[in-house]
Amino acid sequence: MTEALRAADVLARRLYDAGCRHAFGMPGGEVLTLIDALEKAGIKFILTRHENAAGFMAEGAHHMDSAPAIMVATVGPGAMNGVNVVANAEQDRVPLIVLTGCVDAHDAQSYTHQVLDHRAVFAPITKATFTLDAKAAGIIVEKALGIATEGRSGPVHIDVPISVADAPAAPAPARRAVASPVVPAGDDLATAQSWIAQADRPVMIVGLDVLKDDAAAQVQAFAERYNVPVITTYKAKGVIPESYPLSLGGAGLSPLADTHLLPLIRKADLVICAGYDPIEMRPGWQNIWDAAEVNVIDITAAPNHHFMHQATLSFIADTGATLDAFSTAAPRKTWVGDEPAQTKNLLSKAFPQDDVWGPSGVIAACRDALPADAIATVDSGAHRILLSQMWTCDAPRTLLQSSGLCTMGCAVPLAIGAKIAAPDRTVVSFSGDAGFLMVAGELSTAAEQGHNAIFVVFVDQSLALIELKQRQRQMDNSGVDFMGHDYAAIARAFGGNGATVTSRNDLTAALADAQKADTFTLIAAVIDRQSYDGRI
């Protein structure tokens, strides 16, 4: 006899078939059937301490296994706690499936406790929002997965009424064929090919779409063929190894880095934007070229509605296939003045690795002590700008952060989620003390998972980036300083290891112990106030 499936089962089984193996969230009575269905389908539900952290853990897991991320929240306050991370997923192009429980429609007509319109809240910050229906559960989840993952990825919300989750479901529909990658053709392709054949000073700016298209190999092959220097956004770091001579590393938020990168771009006679999404970039990257005076080619997953820059040619196409189609001209030597190498050297001097201590010393010591393939996560703040310039990545998705929304409190849960999905990898998170305090309770989640993630906290008792901006505007110090705490003791209280360090030697020793530990380790690196001055 065929097993009768609940609507929640149809939803969960399709998510499992899409590669999902983990879901993160906080339960409530309204989502108990949903959690039961996820577990029965083979998707482990992981209890977190806050829904916002749950979404970031789901994202961390997604970056390791490439499956859609799943966040679960109950009705009302649970769903509302997840608003920040859903907005982050929309801006950082994360395929986050947001599952919320809700009161049945007929009950909501006369029952108001905790009842609000989830879909109205999530509509502006998701690609789509649905209410699950038992007769259309298979269609709804199929639509949700397609919308979340096709084009530029993003969050999709499904509201699950209590009785619908338990209701018998109609048979799931046949799977929809996924569209093949688009490859450019015609006159515009011929024009692009001719520009590449003639360019003496080409530059590539590479963004997150390249990772979505799995096109890192094509980027490197194209760069090598035509001697093209490559600049990436922060989330695309490692698309080509940053030890590679043509890699100029990540860019986006550092005025110091821009003093060296922007002049090189302005010397270019051809700019190729490969999967470049300028949502990660600071205002200094607005209109940094005149598309009427220099040839600019955009290859993106979505039309240019941002107006951060304009292009001479625009292809809405697969980045890898397009770069292959561009590569008809014979290999040639470009940049005969060797300006890219000079720029790489200037960047190396601007962000030295030999500081005795301070934030640069902490970052350099961690990079030296941890494996080349370590997964790093970083919170928003001054330390993120510095680390994103200094932390070398030889593979993509090895530095995770919030770079579209730039939200605080993301590094710790991103690291926990990454470690859960990739338990054999070394995972380290970097937080300022303020950002860490936002999510300190998630150390309990880390302890329960039994993994040895490493949490590095920069301790300077200040919102350093905001304090710096305050001083730059000659304002009084206000609302940016806070108390110091014994962060190592906090870690031990949650069942992990804790260390406080004030030198590179102490930090290196603590990192060695952390990599051999059987539980998480928090390392509080005490640095001076205002120690980011002149470094970012």
# chains A, B, ... in the order shown; residues from 1 in each chain; ligands from 1
call {"tool": "select_by_dssp", "arguments": {"residues": "segment 257-483 of chain A", "states": "strand (DSSP E or B)", "output": "VMD selection string"}}
result
chain A and resid 270 to 274 295 to 300 313 to 316 375 to 378 399 to 401 427 to 432 454 to 459 462 481
call {"tool": "residues_around", "arguments": {"residues": "segment 170-186 of chain A", "least_positions_apart": "2", "cutoff": "6 Å", "atoms": "only C-alpha atoms", "output": "list in words"}}
result
Lys135, Gly138, Asp188, Leu189, Ala317, Asp318, Ala321 and Thr322 of chain A
call {"tool": "select_by_dssp", "arguments": {"residues": "segment 240-466 of chain A", "states": "alpha helix (DSSP H)", "output": "PyMOL selection string"}}
result
chain A and resi 255-267+319-326+339-350+358-369+382-390+411-421+433-438+442-449+464-466
call {"tool": "atom_distance", "arguments": {"atom1": "atom CA of Asp373 of chain A", "atom2": "atom CA of Ala422 of chain A"}}
result
11.9 Å
call {"tool": "closest_atom_pairs", "arguments": {"of": "segment 88-154 of chain A", "to": "segment 388-411 of chain A", "cutoff": "8 Å", "atoms": "only C-alpha atoms", "output": "JSON lines"}}
result
{"residue": "A:Asn88", "atom": "CA", "partner": "A:Leu405", "partner_atom": "CA", "distance": 5.4}
{"residue": "A:Gln91", "atom": "CA", "partner": "A:Gly404", "partner_atom": "CA", "distance": 5.1}
{"residue": "A:Asp92", "atom": "CA", "partner": "A:Gly404", "partner_atom": "CA", "distance": 5.1}
call {"tool": "residues_around", "arguments": {"residues": "Tyr234 of chain A", "least_positions_apart": "5", "cutoff": "7 Å", "atoms": "only C-alpha atoms", "output": "PyMOL selection string"}}
result
chain A and resi 250-252+388
call {"tool": "write_last_selection", "arguments": {"atoms": "N, CA and C atoms", "output": "short mmCIF file (atom, residue, chain, number, x, y, z; two decimals), in the first residue's frame"}}
result
data_model
loop_
_atom_site.label_atom_id
_atom_site.label_comp_id
_atom_site.auth_asym_id
_atom_site.auth_seq_id
_atom_site.Cartn_x
_atom_site.Cartn_y
_atom_site.Cartn_z
N GLY A 250 40.77 40.89 -3.62
CA GLY A 250 39.41 41.39 -3.50
C GLY A 250 39.38 42.89 -3.32
N ALA A 251 38.24 43.47 -3.66
CA ALA A 251 38.03 44.90 -3.50
C ALA A 251 36.57 45.15 -3.15
N GLY A 252 36.32 46.36 -2.67
CA GLY A 252 34.93 46.70 -2.38
C GLY A 252 34.78 47.77 -1.34
N SER A 388 39.65 41.23 4.64
CA SER A 388 39.29 40.93 3.25
C SER A 388 40.39 41.30 2.28
#
call {"tool": "closest_atom_pairs", "arguments": {"of": "segment 25-109 of chain A", "to": "segment 200-215 of chain A", "cutoff": "12 Å", "atoms": "only C-alpha atoms", "output": "tab-separated table"}}
result
residue	atom	partner	partner_atom	distance
A:His62	CA	A:Lys212	CA	11.9
A:His63	CA	A:Leu211	CA	10.2
A:Ser66	CA	A:Lys212	CA	9.3
A:Ala67	CA	A:Lys212	CA	11.7
A:Gln91	CA	A:Leu208	CA	11.5
A:Asp92	CA	A:Leu208	CA	8.8
A:Arg93	CA	A:Leu208	CA	8.3
A:Val94	CA	A:Lys212	CA	10.1
A:Pro95	CA	A:Lys212	CA	10.6
call {"tool": "write_last_selection", "arguments": {"atoms": "C-alpha atoms", "output": "mmCIF file, in the first residue's frame"}}
result
data_model
loop_
_atom_site.group_PDB
_atom_site.id
_atom_site.type_symbol
_atom_site.label_atom_id
_atom_site.label_comp_id
_atom_site.auth_asym_id
_atom_site.auth_seq_id
_atom_site.Cartn_x
_atom_site.Cartn_y
_atom_site.Cartn_z
ATOM 1 C CA HIS A 62 25.089 26.168 1.630
ATOM 2 C CA HIS A 63 28.542 27.502 0.785
ATOM 3 C CA SER A 66 25.948 24.036 -2.666
ATOM 4 C CA ALA A 67 22.430 22.943 -1.700
ATOM 5 C CA GLN A 91 21.293 41.212 -1.107
ATOM 6 C CA ASP A 92 24.017 38.534 -0.918
ATOM 7 C CA ARG A 93 22.293 36.261 -3.466
ATOM 8 C CA VAL A 94 21.804 33.274 -1.153
ATOM 9 C CA PRO A 95 19.191 30.629 -2.137
#
call {"tool": "residues_around", "arguments": {"residues": "Ala8 of chain A", "least_positions_apart": "2", "cutoff": "12 Å", "atoms": "only C-alpha atoms", "output": "ChimeraX atom specification"}}
result
/A:4-6,10-15,31-41,99-101,132-138,140-141,158-170,172
call {"tool": "residues_around", "arguments": {"residues": "segment 220-225 of chain A", "least_positions_apart": "6", "cutoff": "8 Å", "atoms": "only C-alpha atoms", "output": "PyMOL selection string"}}
result
chain A and resi 239-240+246+323-324+327+330-332
call {"tool": "closest_residue", "arguments": {"among": "A:Ala73, A:Ala376, A:Met438, A:Leu270", "to": "Arg425 of chain A", "atoms": "only C-alpha atoms"}}
result
A:Ala376
call {"tool": "closest_residue", "arguments": {"among": "A:Val439, A:Val378, A:Ile454, A:Ala301", "to": "Glu51 of chain A", "atoms": "only C-alpha atoms"}}
result
A:Val439
call {"tool": "residues_around", "arguments": {"residues": "Lys469 of chain A", "least_positions_apart": "3", "cutoff": "12 Å", "atoms": "only C-alpha atoms", "output": "ChimeraX atom specification"}}
result
/A:381-382,463-466,472-478,480,530,532-533
call {"tool": "write_last_selection", "arguments": {"atoms": "N, CA and C atoms", "output": "short mmCIF file (atom, residue, chain, number, x, y, z; two decimals), in the first residue's frame"}}
result
data_model
loop_
_atom_site.label_atom_id
_atom_site.label_comp_id
_atom_site.auth_asym_id
_atom_site.auth_seq_id
_atom_site.Cartn_x
_atom_site.Cartn_y
_atom_site.Cartn_z
N GLY A 381 32.63 45.28 10.07
CA GLY A 381 33.40 46.17 10.91
C GLY A 381 34.75 46.46 10.30
N ALA A 382 35.56 47.23 11.00
CA ALA A 382 36.88 47.59 10.48
C ALA A 382 37.73 46.36 10.23
N LEU A 463 33.20 50.21 18.76
CA LEU A 463 32.77 50.03 17.37
C LEU A 463 33.78 50.78 16.51
N ALA A 464 34.89 50.11 16.20
CA ALA A 464 36.08 50.79 15.69
C ALA A 464 35.83 51.54 14.39
N LEU A 465 35.07 50.93 13.47
CA LEU A 465 34.85 51.59 12.18
C LEU A 465 33.99 52.84 12.35
N ILE A 466 32.99 52.76 13.20
CA ILE A 466 32.11 53.92 13.42
C ILE A 466 32.85 55.00 14.20
N GLN A 472 36.85 61.19 11.88
CA GLN A 472 37.09 61.79 10.57
C GLN A 472 36.16 62.97 10.32
N ARG A 473 34.98 62.93 10.92
CA ARG A 473 34.02 64.05 10.78
C ARG A 473 34.14 65.04 11.93
N GLN A 474 35.19 64.89 12.75
CA GLN A 474 35.47 65.79 13.87
C GLN A 474 34.29 65.90 14.84
N MET A 475 33.69 64.74 15.09
CA MET A 475 32.58 64.66 16.04
C MET A 475 33.10 64.15 17.38
N ASP A 476 32.37 64.44 18.43
CA ASP A 476 32.70 63.92 19.75
C ASP A 476 32.47 62.40 19.78
N ASN A 477 33.26 61.72 20.62
CA ASN A 477 33.06 60.30 20.83
C ASN A 477 31.73 60.08 21.54
N SER A 478 30.85 59.32 20.91
CA SER A 478 29.54 59.10 21.50
C SER A 478 28.94 57.80 20.98
N VAL A 480 29.91 54.68 20.96
CA VAL A 480 30.71 53.69 20.25
C VAL A 480 31.59 52.84 21.16
N GLN A 530 41.78 52.33 18.24
CA GLN A 530 42.20 53.15 17.11
C GLN A 530 43.35 52.51 16.33
N TYR A 532 43.16 50.59 13.82
CA TYR A 532 42.90 50.44 12.39
C TYR A 532 43.27 51.70 11.60
N ASP A 533 43.63 52.75 12.29
CA ASP A 533 43.96 54.00 11.60
C ASP A 533 45.07 53.77 10.58
#
call {"tool": "decode", "arguments": {"residues": "segment 206-360 of chain A", "atoms": "C-alpha atoms", "output": "compact mmCIF listing (two decimals), in the first residue's frame"}}
result
# COMPACT_ATOMS: atom_id res chain seq x y z
CA VAL A 206 34.86 39.30 -11.30
CA GLY A 207 31.86 38.84 -9.03
CA LEU A 208 29.60 36.32 -7.38
CA ASP A 209 27.80 35.21 -10.56
CA VAL A 210 30.99 33.39 -11.59
CA LEU A 211 30.68 31.11 -8.55
CA LYS A 212 27.04 30.47 -9.34
CA ASP A 213 28.03 29.51 -12.91
CA ASP A 214 30.91 27.35 -11.65
CA ALA A 215 33.13 29.28 -14.05
CA ALA A 216 36.33 29.77 -12.02
CA ALA A 217 38.33 27.60 -14.45
CA GLN A 218 37.19 29.65 -17.45
CA VAL A 219 38.11 32.90 -15.66
CA GLN A 220 41.62 31.66 -14.98
CA ALA A 221 42.05 30.28 -18.51
CA PHE A 222 40.92 33.57 -20.05
CA ALA A 223 43.17 35.62 -17.77
CA GLU A 224 46.17 33.47 -18.65
CA ARG A 225 45.44 33.50 -22.38
CA TYR A 226 45.36 37.30 -22.63
CA ASN A 227 47.44 38.29 -19.58
CA VAL A 228 44.44 39.98 -17.92
CA PRO A 229 44.73 41.15 -14.28
CA VAL A 230 41.75 40.02 -12.20
CA ILE A 231 40.09 41.98 -9.40
CA THR A 232 37.27 40.27 -7.50
CA THR A 233 34.55 41.34 -5.15
CA TYR A 234 35.01 40.06 -1.62
CA LYS A 235 32.56 37.19 -2.03
CA ALA A 236 34.33 36.09 -5.22
CA LYS A 237 37.76 35.96 -3.59
CA GLY A 238 39.68 32.88 -4.66
CA VAL A 239 37.99 32.56 -8.06
CA ILE A 240 41.57 32.40 -9.23
CA PRO A 241 44.23 31.70 -6.59
CA GLU A 242 45.29 34.96 -4.95
CA SER A 243 48.88 33.78 -4.99
CA TYR A 244 48.61 33.84 -8.80
CA PRO A 245 50.52 36.77 -10.39
CA LEU A 246 47.47 38.13 -12.25
CA SER A 247 45.23 38.09 -9.16
CA LEU A 248 44.95 41.51 -7.53
CA GLY A 249 42.75 40.18 -4.75
CA GLY A 250 39.41 41.39 -3.50
CA ALA A 251 38.03 44.90 -3.50
CA GLY A 252 34.93 46.70 -2.38
CA LEU A 253 35.25 48.58 0.90
CA SER A 254 38.89 49.60 1.40
CA PRO A 255 39.77 53.18 0.41
CA LEU A 256 43.43 52.23 0.87
CA ALA A 257 43.19 49.38 -1.64
CA ASP A 258 41.25 51.59 -4.03
CA THR A 259 44.11 54.09 -4.19
CA HIS A 260 46.04 51.39 -6.06
CA LEU A 261 43.29 49.50 -7.91
CA LEU A 262 41.24 52.34 -9.36
CA PRO A 263 44.17 53.99 -11.20
CA LEU A 264 44.92 50.66 -12.90
CA ILE A 265 41.31 50.32 -14.01
CA ARG A 266 41.35 53.85 -15.38
CA LYS A 267 44.40 52.96 -17.51
CA ALA A 268 42.57 50.01 -19.08
CA ASP A 269 41.39 50.09 -22.69
CA LEU A 270 39.02 47.16 -22.09
CA VAL A 271 37.10 46.32 -18.90
CA ILE A 272 35.40 42.92 -18.71
CA CYS A 273 32.90 42.57 -15.86
CA ALA A 274 32.46 38.82 -15.44
CA GLY A 275 29.55 38.09 -13.13
CA TYR A 276 30.26 41.39 -11.36
CA ASP A 277 27.48 42.51 -9.03
CA PRO A 278 28.37 45.95 -7.60
CA ILE A 279 26.04 45.52 -4.61
CA GLU A 280 29.23 44.64 -2.68
CA MET A 281 31.03 47.88 -3.51
CA ARG A 282 31.38 51.19 -1.68
CA PRO A 283 30.40 54.50 -3.34
CA GLY A 284 33.96 54.99 -4.62
CA TRP A 285 33.18 52.38 -7.28
CA GLN A 286 30.33 54.35 -8.82
CA ASN A 287 30.98 55.23 -12.47
CA ILE A 288 34.74 54.67 -12.30
CA TRP A 289 34.91 54.59 -16.10
CA ASP A 290 33.14 56.31 -18.97
CA ALA A 291 31.62 53.62 -21.18
CA ALA A 292 31.61 56.14 -24.04
CA GLU A 293 35.40 56.38 -23.90
CA VAL A 294 36.54 52.87 -22.96
CA ASN A 295 35.16 49.51 -24.09
CA VAL A 296 33.29 47.81 -21.26
CA ILE A 297 31.72 44.35 -21.45
CA ASP A 298 29.19 43.12 -18.86
CA ILE A 299 28.48 39.38 -18.51
CA THR A 300 25.86 38.99 -15.80
CA ALA A 301 22.92 36.93 -14.62
CA ALA A 302 20.57 39.91 -14.53
CA PRO A 303 20.12 43.18 -16.43
CA ASN A 304 21.88 46.30 -15.17
CA HIS A 305 19.23 48.08 -13.12
CA HIS A 306 21.73 49.25 -10.51
CA PHE A 307 23.39 52.06 -12.55
CA MET A 308 26.58 51.80 -10.45
CA HIS A 309 28.29 51.64 -13.83
CA GLN A 310 27.37 51.34 -17.47
CA ALA A 311 28.72 49.04 -20.19
CA THR A 312 29.26 49.28 -23.92
CA LEU A 313 28.14 45.67 -24.46
CA SER A 314 25.93 43.70 -22.09
CA PHE A 315 25.38 39.93 -22.15
CA ILE A 316 22.82 38.24 -19.90
CA ALA A 317 24.52 34.88 -20.14
CA ASP A 318 26.53 32.16 -18.46
CA THR A 319 29.91 33.66 -17.56
CA GLY A 320 32.01 30.58 -18.29
CA ALA A 321 30.40 29.82 -21.64
CA THR A 322 30.68 33.47 -22.63
CA LEU A 323 34.37 33.71 -21.78
CA ASP A 324 34.96 30.55 -23.81
CA ALA A 325 33.10 32.13 -26.73
CA PHE A 326 35.22 35.27 -26.40
CA SER A 327 38.50 33.32 -26.60
CA THR A 328 38.94 33.15 -30.37
CA ALA A 329 41.93 35.46 -30.72
CA ALA A 330 45.43 34.05 -30.34
CA PRO A 331 47.12 34.44 -26.94
CA ARG A 332 48.94 37.71 -26.71
CA LYS A 333 51.09 39.78 -24.38
CA THR A 334 49.27 42.72 -22.86
CA TRP A 335 50.28 45.36 -20.31
CA VAL A 336 53.82 45.64 -21.69
CA GLY A 337 54.64 48.14 -18.94
CA ASP A 338 53.91 45.44 -16.31
CA GLU A 339 51.52 47.74 -14.44
CA PRO A 340 49.50 44.84 -12.90
CA ALA A 341 52.63 43.45 -11.20
CA GLN A 342 53.47 46.91 -9.94
CA THR A 343 49.94 47.26 -8.53
CA LYS A 344 50.16 43.87 -6.82
CA ASN A 345 53.42 44.94 -5.22
CA LEU A 346 51.92 48.22 -4.00
CA LEU A 347 48.97 46.34 -2.48
CA SER A 348 51.37 43.99 -0.70
CA LYS A 349 53.18 46.97 0.82
CA ALA A 350 49.88 48.66 1.77
CA PHE A 351 48.75 45.59 3.72
CA PRO A 352 51.95 44.17 5.23
CA GLN A 353 52.02 40.79 6.94
CA ASP A 354 54.80 41.57 9.40
CA ASP A 355 53.12 43.82 12.00
CA VAL A 356 54.23 42.76 15.46
CA TRP A 357 50.65 42.94 16.79
CA GLY A 358 47.41 44.83 16.30
CA PRO A 359 44.68 43.74 13.88
CA SER A 360 47.14 43.18 11.00
